[in-house]
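Visitor: Dropping in my_file-v1.txt, with compact mmCIF, C-alpha atoms and all ligand atoms.
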```
# COMPACT_ATOMS: atom_id res chain seq x y z
CA MET A 729 114.84 26.78 24.64
CA LYS A 730 115.23 24.31 27.48
CA THR A 731 112.16 23.09 29.27
CA THR A 732 111.40 25.14 32.35
CA TYR A 733 110.90 22.04 34.50
CA LEU A 734 113.16 19.27 35.77
CA GLU A 735 112.79 15.71 34.57
CA PRO A 736 109.52 14.32 35.93
CA GLU A 737 108.89 11.92 38.73
CA LYS A 738 106.99 9.09 37.04
CA GLY A 739 105.08 6.03 38.10
CA ASN A 740 104.26 5.26 41.71
CA TYR A 741 105.38 7.59 44.49
CA THR A 742 104.25 9.25 47.69
CA LEU A 743 104.23 12.94 48.48
CA LYS A 744 104.49 14.10 52.09
CA ASN A 745 103.84 17.54 53.62
CA VAL A 746 101.14 18.32 51.03
CA LEU A 747 98.83 21.13 52.11
CA LEU A 748 95.13 20.54 51.38
CA GLU A 749 92.10 22.66 52.17
CA THR A 750 89.83 20.93 54.68
CA GLY A 751 87.10 23.47 55.43
CA PHE A 752 86.11 27.06 56.03
CA ILE A 753 86.77 28.89 59.29
CA TRP A 754 83.61 30.64 60.38
CA LYS A 755 83.41 33.70 62.56
CA GLU A 756 79.87 34.40 63.68
CA ASP A 757 77.97 34.47 60.36
CA TYR A 758 80.79 34.82 57.84
CA ILE A 759 83.81 32.91 56.59
CA GLU A 760 86.96 34.38 58.01
CA GLY A 761 89.50 31.92 56.64
CA THR A 762 90.26 28.55 55.15
CA GLN A 763 91.28 25.58 57.25
CA THR A 764 94.15 23.48 55.91
CA GLU A 765 96.18 20.45 56.95
CA GLN A 766 99.20 18.61 55.64
CA PHE A 767 98.79 15.09 54.26
CA CYS A 768 100.64 12.24 52.62
CA ILE A 769 99.36 11.45 49.15
CA GLU A 770 100.21 8.25 47.36
CA ILE A 771 100.13 8.20 43.56
CA LYS A 772 99.70 4.87 41.77
CA ASN A 773 99.37 4.34 38.04
CA GLY A 774 98.71 8.02 37.40
CA LYS A 775 95.93 8.20 39.99
CA ILE A 776 95.55 9.37 43.56
CA ASP A 777 95.52 6.14 45.53
CA THR A 778 95.55 7.18 49.19
CA ILE A 779 95.26 10.41 51.13
CA SER A 780 96.50 9.77 54.66
CA PRO A 781 97.52 11.80 57.73
CA ASN A 782 100.87 13.48 57.25
CA ASN A 783 104.05 11.71 58.27
CA PRO A 784 106.98 14.12 57.88
CA GLN A 785 109.39 11.24 58.66
CA LEU A 786 108.09 8.95 55.94
CA PRO A 787 111.16 7.58 54.16
CA ASP A 788 111.41 7.64 50.34
CA ALA A 789 108.55 10.14 50.06
CA ILE A 790 108.87 13.30 47.98
CA ASP A 791 108.76 16.37 50.21
CA ALA A 792 106.10 18.83 49.00
CA LYS A 793 107.41 21.28 51.62
CA GLY A 794 103.97 22.44 52.70
CA LEU A 795 103.01 23.64 49.23
CA LEU A 796 99.27 23.89 48.53
CA MET A 797 97.88 21.29 46.14
CA LEU A 798 95.23 22.66 43.80
CA PRO A 799 93.35 21.06 40.90
CA ALA A 800 95.25 21.19 37.58
CA PHE A 801 95.23 24.59 35.92
CA LYS A 802 93.39 24.62 32.59
CA ASP A 803 93.24 27.33 29.94
CA MET A 804 89.96 26.93 28.10
CA HIS A 805 90.59 29.24 25.13
CA THR A 806 93.94 29.49 23.39
CA HIS A 807 95.39 29.62 19.90
CA LEU A 808 98.54 27.55 20.29
CA ASP A 809 99.00 27.33 16.51
CA LYS A 810 99.56 30.96 15.63
CA THR A 811 101.50 32.73 18.30
CA LEU A 812 104.17 35.35 17.71
CA TYR A 813 105.73 34.26 21.00
CA GLY A 814 109.41 33.59 20.40
CA LEU A 815 109.68 36.33 17.78
CA PRO A 816 110.77 39.91 18.55
CA TRP A 817 108.24 42.06 20.40
CA GLN A 818 105.56 43.48 18.18
CA ALA A 819 102.50 45.43 19.36
CA ILE A 820 99.29 45.18 17.35
CA SER A 821 98.76 47.53 14.44
CA PRO A 822 96.22 50.38 14.66
CA LYS A 823 95.63 49.95 10.92
CA ARG A 824 93.89 46.60 11.23
CA LYS A 825 90.56 47.46 12.79
CA THR A 826 88.13 44.74 11.78
CA VAL A 827 88.04 40.94 11.70
CA ALA A 828 88.04 41.22 7.89
CA ASP A 829 91.27 43.30 8.09
CA MET A 830 92.77 40.57 10.25
CA ILE A 831 91.78 37.85 7.81
CA ALA A 832 93.52 39.74 4.98
CA TYR A 833 96.60 40.12 7.17
CA GLU A 834 96.63 36.43 8.11
CA GLN A 835 96.48 35.50 4.43
CA GLN A 836 99.75 37.42 3.98
CA ILE A 837 101.67 36.21 7.01
CA ILE A 838 100.51 32.65 7.69
CA PRO A 839 102.81 30.94 5.13
CA LYS A 840 105.85 32.51 6.79
CA LEU A 841 104.63 31.85 10.35
CA LEU A 842 104.01 28.19 9.56
CA GLU A 843 107.70 27.74 8.77
CA THR A 844 108.55 28.13 12.47
CA SER A 845 105.25 27.49 14.22
CA VAL A 846 106.20 24.08 15.67
CA HIS A 847 109.05 25.64 17.65
CA ARG A 848 107.04 28.63 18.84
CA THR A 849 104.05 26.52 19.86
CA GLY A 850 106.50 24.59 22.05
CA LEU A 851 107.69 27.85 23.62
CA LEU A 852 104.12 28.94 24.28
CA ILE A 853 103.33 25.64 26.00
CA ASP A 854 106.49 26.15 28.12
CA LEU A 855 105.10 29.55 29.11
CA LEU A 856 101.74 28.08 30.16
CA GLN A 857 103.47 25.32 32.11
CA ASN A 858 105.65 27.87 33.83
CA TYR A 859 102.42 29.14 35.38
CA GLY A 860 101.33 25.61 36.32
CA THR A 861 98.92 25.04 33.42
CA SER A 862 98.94 21.54 31.97
CA PHE A 863 95.83 21.59 29.79
CA ALA A 864 94.45 23.88 27.12
CA ARG A 865 91.55 23.98 24.74
CA SER A 866 93.20 25.24 21.59
CA HIS A 867 91.58 26.47 18.42
CA PHE A 868 93.61 25.87 15.27
CA ASN A 869 93.15 27.62 11.96
CA VAL A 870 91.36 25.82 9.16
CA ASP A 871 91.46 28.19 6.22
CA THR A 872 92.34 28.25 2.56
CA THR A 873 95.78 29.74 3.25
CA SER A 874 96.82 27.28 6.00
CA GLY A 875 95.01 24.27 4.60
CA LEU A 876 95.71 21.55 7.15
CA ARG A 877 99.25 22.72 7.91
CA SER A 878 98.28 24.60 11.06
CA LEU A 879 96.89 21.36 12.47
CA GLU A 880 99.84 19.28 11.29
CA ASN A 881 102.36 21.61 12.93
CA LEU A 882 100.30 21.87 16.10
CA GLN A 883 100.16 18.09 16.34
CA ILE A 884 103.95 17.82 16.05
CA ALA A 885 104.39 20.39 18.83
CA LEU A 886 101.78 18.68 21.02
CA ASN A 887 103.36 15.29 20.44
CA ASN A 888 106.66 16.69 21.73
CA LYS A 889 104.83 17.59 24.96
CA LYS A 890 102.48 14.67 25.21
CA GLU A 891 103.65 13.46 28.62
CA SER A 892 103.24 16.83 30.32
CA PHE A 893 100.48 18.66 28.47
CA SER A 894 97.13 17.77 26.92
CA THR A 895 94.59 19.61 24.84
CA GLU A 896 91.16 19.65 23.35
CA LEU A 897 91.30 20.85 19.76
CA VAL A 898 88.79 23.10 18.02
CA ALA A 899 88.76 23.23 14.21
CA PHE A 900 88.46 26.97 13.64
CA PRO A 901 87.42 28.41 10.26
CA GLN A 902 89.15 31.71 11.04
CA HIS A 903 88.59 33.09 7.53
CA GLY A 904 84.87 32.25 7.47
CA LEU A 905 83.17 29.15 6.11
CA TYR A 906 82.09 30.88 2.93
CA TYR A 907 83.93 34.25 3.04
CA THR A 908 86.81 32.08 1.93
CA ASP A 909 85.89 28.60 0.77
CA SER A 910 86.77 26.79 4.01
CA ALA A 911 83.69 24.57 4.35
CA PRO A 912 85.27 21.61 2.41
CA LEU A 913 88.36 21.77 4.65
CA MET A 914 86.15 21.83 7.74
CA ARG A 915 84.37 18.69 6.51
CA GLU A 916 87.75 17.02 6.13
CA VAL A 917 89.10 17.88 9.59
CA ALA A 918 85.79 17.17 11.32
CA LYS A 919 86.31 13.47 10.61
CA MET A 920 89.63 13.37 12.46
CA ASP A 921 89.81 11.76 15.89
CA CYS A 922 92.14 14.50 17.18
CA VAL A 923 89.42 17.13 16.71
CA ASP A 924 87.05 17.58 19.64
CA PHE A 925 85.01 20.64 18.65
CA ILE A 926 83.72 22.30 15.50
CA GLY A 927 84.62 25.99 15.67
CA GLY A 928 83.12 29.01 13.98
CA LEU A 929 83.43 32.74 13.46
CA ASP A 930 80.85 35.50 13.41
CA PRO A 931 78.16 33.91 11.22
CA TYR A 932 76.69 37.34 10.50
CA GLY A 933 79.78 39.56 10.52
CA ILE A 934 81.86 37.38 8.22
CA ASP A 935 79.57 35.03 6.31
CA LYS A 936 76.44 37.23 6.41
CA ASN A 937 74.11 34.30 7.01
CA ILE A 938 73.48 33.22 10.59
CA GLU A 939 71.22 30.23 9.89
CA LYS A 940 73.35 28.82 7.08
CA VAL A 941 76.55 28.91 9.15
CA ILE A 942 75.01 27.57 12.36
CA ASP A 943 73.14 24.84 10.48
CA PHE A 944 76.39 23.73 8.80
CA THR A 945 78.28 23.80 12.11
CA VAL A 946 75.60 21.89 14.02
CA GLN A 947 75.29 19.26 11.29
CA LEU A 948 79.06 18.79 11.12
CA ALA A 949 79.18 18.33 14.90
CA LEU A 950 76.30 15.85 14.85
CA ASP A 951 77.65 13.86 11.91
CA ASN A 952 81.07 13.50 13.52
CA ASN A 953 80.05 13.31 17.19
CA LYS A 954 81.92 16.51 18.15
CA GLY A 955 81.16 19.49 20.35
CA ILE A 956 80.81 23.09 19.16
CA ASP A 957 82.83 26.14 20.23
CA ILE A 958 82.27 29.22 18.07
CA HIS A 959 83.89 32.66 18.25
CA LEU A 960 81.24 35.36 18.37
CA HIS A 961 82.31 38.99 18.22
CA ASP A 962 79.09 40.12 16.48
CA LEU A 963 77.11 42.65 18.49
CA GLY A 964 73.58 44.02 18.29
CA LYS A 965 70.52 42.04 17.31
CA GLU A 966 72.55 39.78 15.04
CA GLY A 967 74.93 38.76 17.82
CA LYS A 968 72.02 38.07 20.16
CA TYR A 969 70.09 36.15 17.53
CA THR A 970 73.16 34.00 16.77
CA ILE A 971 73.23 32.83 20.39
CA GLU A 972 69.48 32.27 20.44
CA TYR A 973 69.53 30.34 17.18
CA LEU A 974 72.38 28.13 18.43
CA ILE A 975 70.45 27.50 21.66
CA GLN A 976 67.41 26.49 19.59
CA LYS A 977 69.52 24.02 17.59
CA VAL A 978 71.00 22.49 20.75
CA LYS A 979 67.52 22.06 22.21
CA GLU A 980 66.52 20.24 19.03
CA ASN A 981 69.65 18.06 19.32
CA PRO A 982 70.15 17.35 23.03
CA GLN A 983 73.29 15.29 22.33
CA LEU A 984 74.99 18.70 21.90
CA GLN A 985 74.15 19.77 25.46
CA ASN A 986 77.14 20.31 27.75
CA LYS A 987 79.47 20.34 24.75
CA THR A 988 78.37 23.52 22.98
CA PHE A 989 80.05 26.83 23.79
CA VAL A 990 80.07 30.42 22.60
CA SER A 991 83.49 32.02 22.97
CA HIS A 992 83.54 35.76 23.74
CA ALA A 993 79.82 36.50 23.17
CA TYR A 994 80.62 40.20 23.60
CA VAL A 995 77.02 41.09 22.75
CA LEU A 996 76.11 40.02 26.30
CA ALA A 997 78.02 43.03 27.64
CA TYR A 998 75.64 45.39 25.79
CA LEU A 999 72.31 43.89 26.87
CA GLU A 1000 69.92 45.31 29.44
CA GLN A 1001 69.68 43.40 32.71
CA ASN A 1002 66.35 41.77 31.82
CA GLU A 1003 67.74 40.63 28.46
CA VAL A 1004 70.84 39.20 30.17
CA ASP A 1005 68.62 37.30 32.60
CA GLU A 1006 66.45 35.97 29.79
CA ILE A 1007 69.31 34.75 27.62
CA SER A 1008 71.21 33.37 30.64
CA GLU A 1009 68.21 31.25 31.57
CA LYS A 1010 68.01 29.95 28.01
CA LEU A 1011 71.75 29.15 27.95
CA ALA A 1012 71.51 27.33 31.28
CA GLU A 1013 68.45 25.36 30.22
CA ALA A 1014 70.07 24.27 26.93
CA LYS A 1015 73.40 23.62 28.73
CA VAL A 1016 75.30 25.90 26.36
CA GLY A 1017 78.41 27.42 27.97
CA ILE A 1018 80.17 30.76 27.57
CA ILE A 1019 83.94 31.04 27.30
CA SER A 1020 85.49 34.38 28.08
CA ALA A 1021 88.86 36.08 28.17
CA ILE A 1022 86.97 38.49 30.51
CA PRO A 1023 87.73 42.16 29.86
CA TYR A 1024 86.11 43.68 26.79
CA ARG A 1025 87.02 47.25 25.98
CA ASP A 1026 85.18 49.57 28.38
CA LYS A 1027 82.32 47.07 28.86
CA LYS A 1028 81.82 44.50 31.54
CA MET A 1029 80.75 40.95 30.71
CA PRO A 1030 77.84 39.83 32.92
CA ILE A 1031 79.89 36.95 34.33
CA ALA A 1032 78.33 37.05 37.80
CA ARG A 1033 74.80 37.04 36.39
CA LEU A 1034 75.55 34.16 34.01
CA ILE A 1035 76.90 32.09 36.89
CA ASP A 1036 73.96 32.98 39.15
CA LYS A 1037 71.64 31.70 36.46
CA GLY A 1038 73.56 28.42 36.18
CA VAL A 1039 75.47 29.01 32.95
CA ASP A 1040 78.76 27.13 32.58
CA VAL A 1041 81.37 29.92 32.31
CA LEU A 1042 84.91 28.94 31.34
CA VAL A 1043 87.93 31.18 30.96
CA GLY A 1044 91.02 31.35 28.75
CA ASN A 1045 93.87 33.64 27.89
CA ASP A 1046 92.94 33.67 24.18
CA ASN A 1047 95.69 35.75 22.56
CA ILE A 1048 99.13 35.57 24.11
CA GLN A 1049 101.49 37.82 22.21
CA ASP A 1050 100.08 37.52 18.74
CA TYR A 1051 98.85 39.97 16.13
CA TRP A 1052 95.28 40.02 17.57
CA SER A 1053 96.40 41.01 21.07
CA THR A 1054 99.50 40.90 23.21
CA LEU A 1055 97.79 41.23 26.56
CA GLY A 1056 97.22 37.57 27.44
CA THR A 1057 99.90 36.67 29.98
CA GLY A 1058 99.50 32.89 29.73
CA ASN A 1059 98.85 32.79 33.47
CA ILE A 1060 95.32 31.50 34.07
CA LEU A 1061 95.56 32.34 37.77
CA GLN A 1062 96.10 35.96 36.74
CA LYS A 1063 92.78 35.76 34.85
CA ALA A 1064 91.08 34.54 38.04
CA ASN A 1065 92.68 37.47 39.88
CA LEU A 1066 91.44 39.89 37.22
CA ILE A 1067 87.91 38.50 37.56
CA ALA A 1068 88.04 38.90 41.34
CA GLU A 1069 89.12 42.51 40.93
CA LEU A 1070 86.58 43.37 38.21
CA TYR A 1071 83.66 41.87 40.09
CA ALA A 1072 84.85 42.85 43.60
CA TRP A 1073 84.99 39.25 44.78
CA GLU A 1074 87.36 39.97 47.65
CA THR A 1075 86.14 38.03 50.70
CA GLU A 1076 87.77 34.72 51.65
CA TYR A 1077 84.70 32.90 50.37
CA ASP A 1078 84.43 34.81 47.08
CA LEU A 1079 88.15 34.54 46.33
CA SER A 1080 88.10 30.82 47.06
CA ARG A 1081 85.20 30.37 44.61
CA THR A 1082 87.01 32.42 41.94
CA LEU A 1083 89.73 29.77 41.69
CA ARG A 1084 87.22 27.82 39.56
CA PHE A 1085 88.18 29.95 36.56
CA ALA A 1086 91.74 28.60 36.67
CA THR A 1087 90.75 24.96 37.16
CA ASN A 1088 87.85 24.46 34.77
CA ASN A 1089 85.39 24.60 37.66
CA ILE A 1090 87.01 22.08 40.01
CA LEU A 1091 87.39 23.41 43.57
CA PRO A 1092 88.95 21.75 46.64
CA LEU A 1093 85.98 22.75 48.85
CA ASP A 1094 82.31 22.80 47.93
CA ASN A 1095 80.25 25.91 48.65
CA LYS A 1096 79.56 24.72 52.19
CA GLY A 1097 83.23 24.05 52.91
CA ASN A 1098 83.22 20.27 52.56
CA MET A 1099 86.33 18.69 51.04
CA GLN A 1100 85.52 17.52 47.52
CA TRP A 1101 88.97 17.36 45.89
CA PRO A 1102 91.21 15.43 45.71
CA LYS A 1103 89.59 12.03 46.09
CA LYS A 1104 90.92 8.50 45.83
CA GLY A 1105 90.75 7.43 42.19
CA ASP A 1106 91.06 10.98 40.78
CA LYS A 1107 93.66 11.36 38.05
CA ALA A 1108 96.86 12.67 39.58
CA GLU A 1109 96.57 16.06 37.87
CA PHE A 1110 97.31 19.01 40.12
CA THR A 1111 99.37 22.13 40.66
CA LEU A 1112 101.57 22.71 43.72
CA ILE A 1113 101.60 26.38 44.58
CA ASN A 1114 103.29 28.60 47.11
CA ALA A 1115 100.18 29.79 48.96
CA SER A 1116 98.31 29.03 52.17
CA CYS A 1117 94.87 28.59 50.54
CA SER A 1118 92.94 29.12 47.27
CA ALA A 1119 91.86 32.62 48.28
CA GLU A 1120 95.47 33.70 48.78
CA ALA A 1121 96.54 32.00 45.53
CA VAL A 1122 93.94 34.00 43.56
CA SER A 1123 94.61 37.25 45.36
CA ARG A 1124 98.41 37.10 45.23
CA ILE A 1125 98.65 35.25 41.88
CA SER A 1126 100.94 32.90 43.80
CA PRO A 1127 103.68 31.13 41.86
CA ALA A 1128 103.30 27.53 40.75
CA VAL A 1129 106.24 25.42 41.88
CA ALA A 1130 105.30 22.05 40.40
CA PHE A 1131 102.50 20.32 38.55
CA ALA A 1132 101.45 16.76 37.87
CA HIS A 1133 100.00 15.67 34.57
CA ASP A 1134 98.76 12.12 34.12
CA GLY A 1135 100.67 11.28 37.30
CA ASN A 1136 103.99 12.66 36.04
CA LEU A 1137 105.26 15.23 38.52
CA TYR A 1138 107.32 18.17 37.22
CA TRP A 1139 109.22 20.52 39.54
CA LYS A 1140 110.21 23.96 38.37
CA ARG A 1141 113.95 24.51 38.13
CA ARG A 1142 115.25 26.45 41.11
CA GLU A 1143 116.72 29.26 39.01
CA ILE A 1144 113.35 30.25 37.56
CA LEU A 1145 111.36 30.03 40.78
CA VAL A 1146 109.59 33.34 41.18
ZN ZN B 1201 90.04 32.98 20.09
```
Could you rewrite the structure in this file as structure tokens?
Ligand SMILES: [Zn+2]
Guide:
Amino acid sequence: MKTTYLEPEKGNYTLKNVLLETGFIWKEDYIEGTQTEQFCIEIKNGKIDTISPNNPQLPDAIDAKGLLMLPAFKDMHTHLDKTLYGLPWQAISPKRKTVADMIAYEQQIIPKLLETSVHRTGLLIDLLQNYGTSFARSHFNVDTTSGLRSLENLQIALNNKKESFSTELVAFPQHGLYYTDSAPLMREVAKMDCVDFIGGLDPYGIDKNIEKVIDFTVQLALDNNKGIDIHLHDLGKEGKYTIEYLIQKVKENPQLQNKTFVSHAYVLAYLEQNEVDEISEKLAEAKVGIISAIPYRDKKMPIARLIDKGVDVLVGNDNIQDYWSTLGTGNILQKANLIAELYAWETEYDLSRTLRFATNNILPLDNKGNMQWPKKGDKAEFTLINASCSAEAVSRISPAVAFAHDGNLYWKRREILV
């Protein structure tokens, strides 16, 4: 499949007619709109060098045609290594109900999937880029069936895209550390420079020993100077205790603060308000983040409460057409839209704040409406989108038209502009 973008503009160049947000428009005591202006932006050596008043006549400048520049779109939870994307449509099976069922299924199908995973990972990255995303945190399987082949194939696919896409990688013991004997493999991959986080999976539900699994994970992260990002589907008192025990370990080892995350943490959706408040305060104090794909069955994750309490909440698509789920679209702006709808964040102000879920918390305006992005010296990493402001982009799920990664600017081909 051909790339969905034209050959990039590289090196040093100037963009003209770039729309940036410059403030909020107040009416009496509320924010009625977002103020914007067009600018010229000069890119040098992959960085934003100058932001100057617009000059539509500037010769040799690239015309951004009034498109809105937003911070680079980032998907903070994906599995780029094991997609079914690129294969014929297949809905998930009603027969596989538990994580253990899924592990048994993966043991059957992984050898076959690995034969073509490099190609399909490339297609999946094309899909993300089509929506303007140029960065993902991707988990990759470390299990006794895959060995290190999931990582090896992922690295080939990522290398093919290295100029336009970057990642953080999470070593993910998808089949349990001890449920299958994956701990030795985890020790091996933890030493690798390409690995940023030590992953995990349901210490109680799969390995039946919360302390043993968390202790191993924390020690591996400390020994290799990595972060932690564990999947937690476990509910009830075990799910809650897993989060609390991890928080305790991070407090004992402050070097893990700001780089420890719990992905999913569905148990939070079942807690009483006072319990949510209590655990949110502990998460915020220990600087442990939550990563969510947002909807969870008929429950609602307490996203608003977590944020109010100061917890770092990141968002990802998670499964994009695979055998766990087919409902991830790959469009991180669509996730922000879904959040706005679920939590009724519909005012100009609320919508503009909701963009943070597509940009890993970077927003053009601060909460008071002061310009805070882009700034001279920032990496030239942004998305150009067909919208008048962030609030409209979130509400309309406006189409990305171009993106810059490490200064390289990619325009979408005209025939796929939507
Ligand atoms: Zn996941």
Visitor: Give me, as a ChimeraX atom specification, the set of residues whose atoms come within 12 Å of any atom of ligand ZN 1201 (chain B), counting only C-alpha atoms and all ligand atoms.
Guide: /A:803-811,827,865-869,898-902,927-930,957-961,990-993,1019-1021,1043-1048,1050-1053,1056
Visitor: Determine, for each residue of stretch 1051-1121 of chain A having at least one atom at most 8 Å from an atom of stretch 778-799 of chain A, the closest pair of atoms and their separation in Å to one decimal, counting only C-alpha atoms; order by chain and ascending number, as a tab-separated table.
Guide:
```
residue	atom	partner	partner_atom	distance
A:Thr1087	CA	A:Pro799	CA	6.0
A:Ile1090	CA	A:Pro799	CA	6.5
A:Leu1091	CA	A:Pro799	CA	6.9
A:Pro1092	CA	A:Leu798	CA	7.0
A:Trp1101	CA	A:Pro799	CA	7.6
A:Pro1102	CA	A:Pro799	CA	7.7
A:Lys1103	CA	A:Ile779	CA	7.8
A:Lys1104	CA	A:Thr778	CA	5.9
A:Glu1109	CA	A:Pro799	CA	6.7
A:Phe1110	CA	A:Pro799	CA	4.5
A:Thr1111	CA	A:Leu798	CA	5.2
A:Leu1112	CA	A:Met797	CA	4.6
A:Ile1113	CA	A:Leu796	CA	5.2
A:Asn1114	CA	A:Leu795	CA	5.4
A:Ala1115	CA	A:Leu796	CA	6.0
A:Ser1116	CA	A:Leu796	CA	6.4
A:Cys1117	CA	A:Leu796	CA	6.7
A:Ser1118	CA	A:Leu798	CA	7.7
```
Visitor: Go ahead and save the picked residues with C-alpha atoms, as a compact mmCIF listing (two decimals), keeping the file's coordinate frame.
Guide:
```
# COMPACT_ATOMS: atom_id res chain seq x y z
CA THR A 1087 90.75 24.96 37.16
CA ILE A 1090 87.01 22.08 40.01
CA LEU A 1091 87.39 23.41 43.57
CA PRO A 1092 88.95 21.75 46.64
CA TRP A 1101 88.97 17.36 45.89
CA PRO A 1102 91.21 15.43 45.71
CA LYS A 1103 89.59 12.03 46.09
CA LYS A 1104 90.92 8.50 45.83
CA GLU A 1109 96.57 16.06 37.87
CA PHE A 1110 97.31 19.01 40.12
CA THR A 1111 99.37 22.13 40.66
CA LEU A 1112 101.57 22.71 43.72
CA ILE A 1113 101.60 26.38 44.58
CA ASN A 1114 103.29 28.60 47.11
CA ALA A 1115 100.18 29.79 48.96
CA SER A 1116 98.31 29.03 52.17
CA CYS A 1117 94.87 28.59 50.54
CA SER A 1118 92.94 29.12 47.27
```
Visitor: When distances are computed from only C-alpha atoms, which of A:Val1016, A:Ala911, A:Ile1035, A:Leu734 shows the smallest separation from A:Trp1139?
Guide: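 Of all the options, A:Leu734 lies closest to A:Trp1139.
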Visitor: Can you pull out the residues contacting stretch 1131-1138 of chain A? Cut-off 9 Å, using all atoms listed in the file, and skip same-chain residues under 3 positions away; I want them as JSON, numbers by chain.
Guide: {"A": [733, 734, 735, 736, 737, 738, 739, 740, 771, 772, 773, 774, 775, 776, 797, 800, 801, 857, 860, 861, 862, 863, 891, 892, 893, 894, 1107, 1108, 1109, 1110, 1111, 1112, 1113, 1128]}
Visitor: Within 6 Å of (71.2, 30.1, 23.2) (coordinates as in the file), grab all the protein and nucleic acid residues, counting all atoms listed in the file, and write them out as number ranges by chain.
Guide: A: 971-972, 974-975, 1010-1011
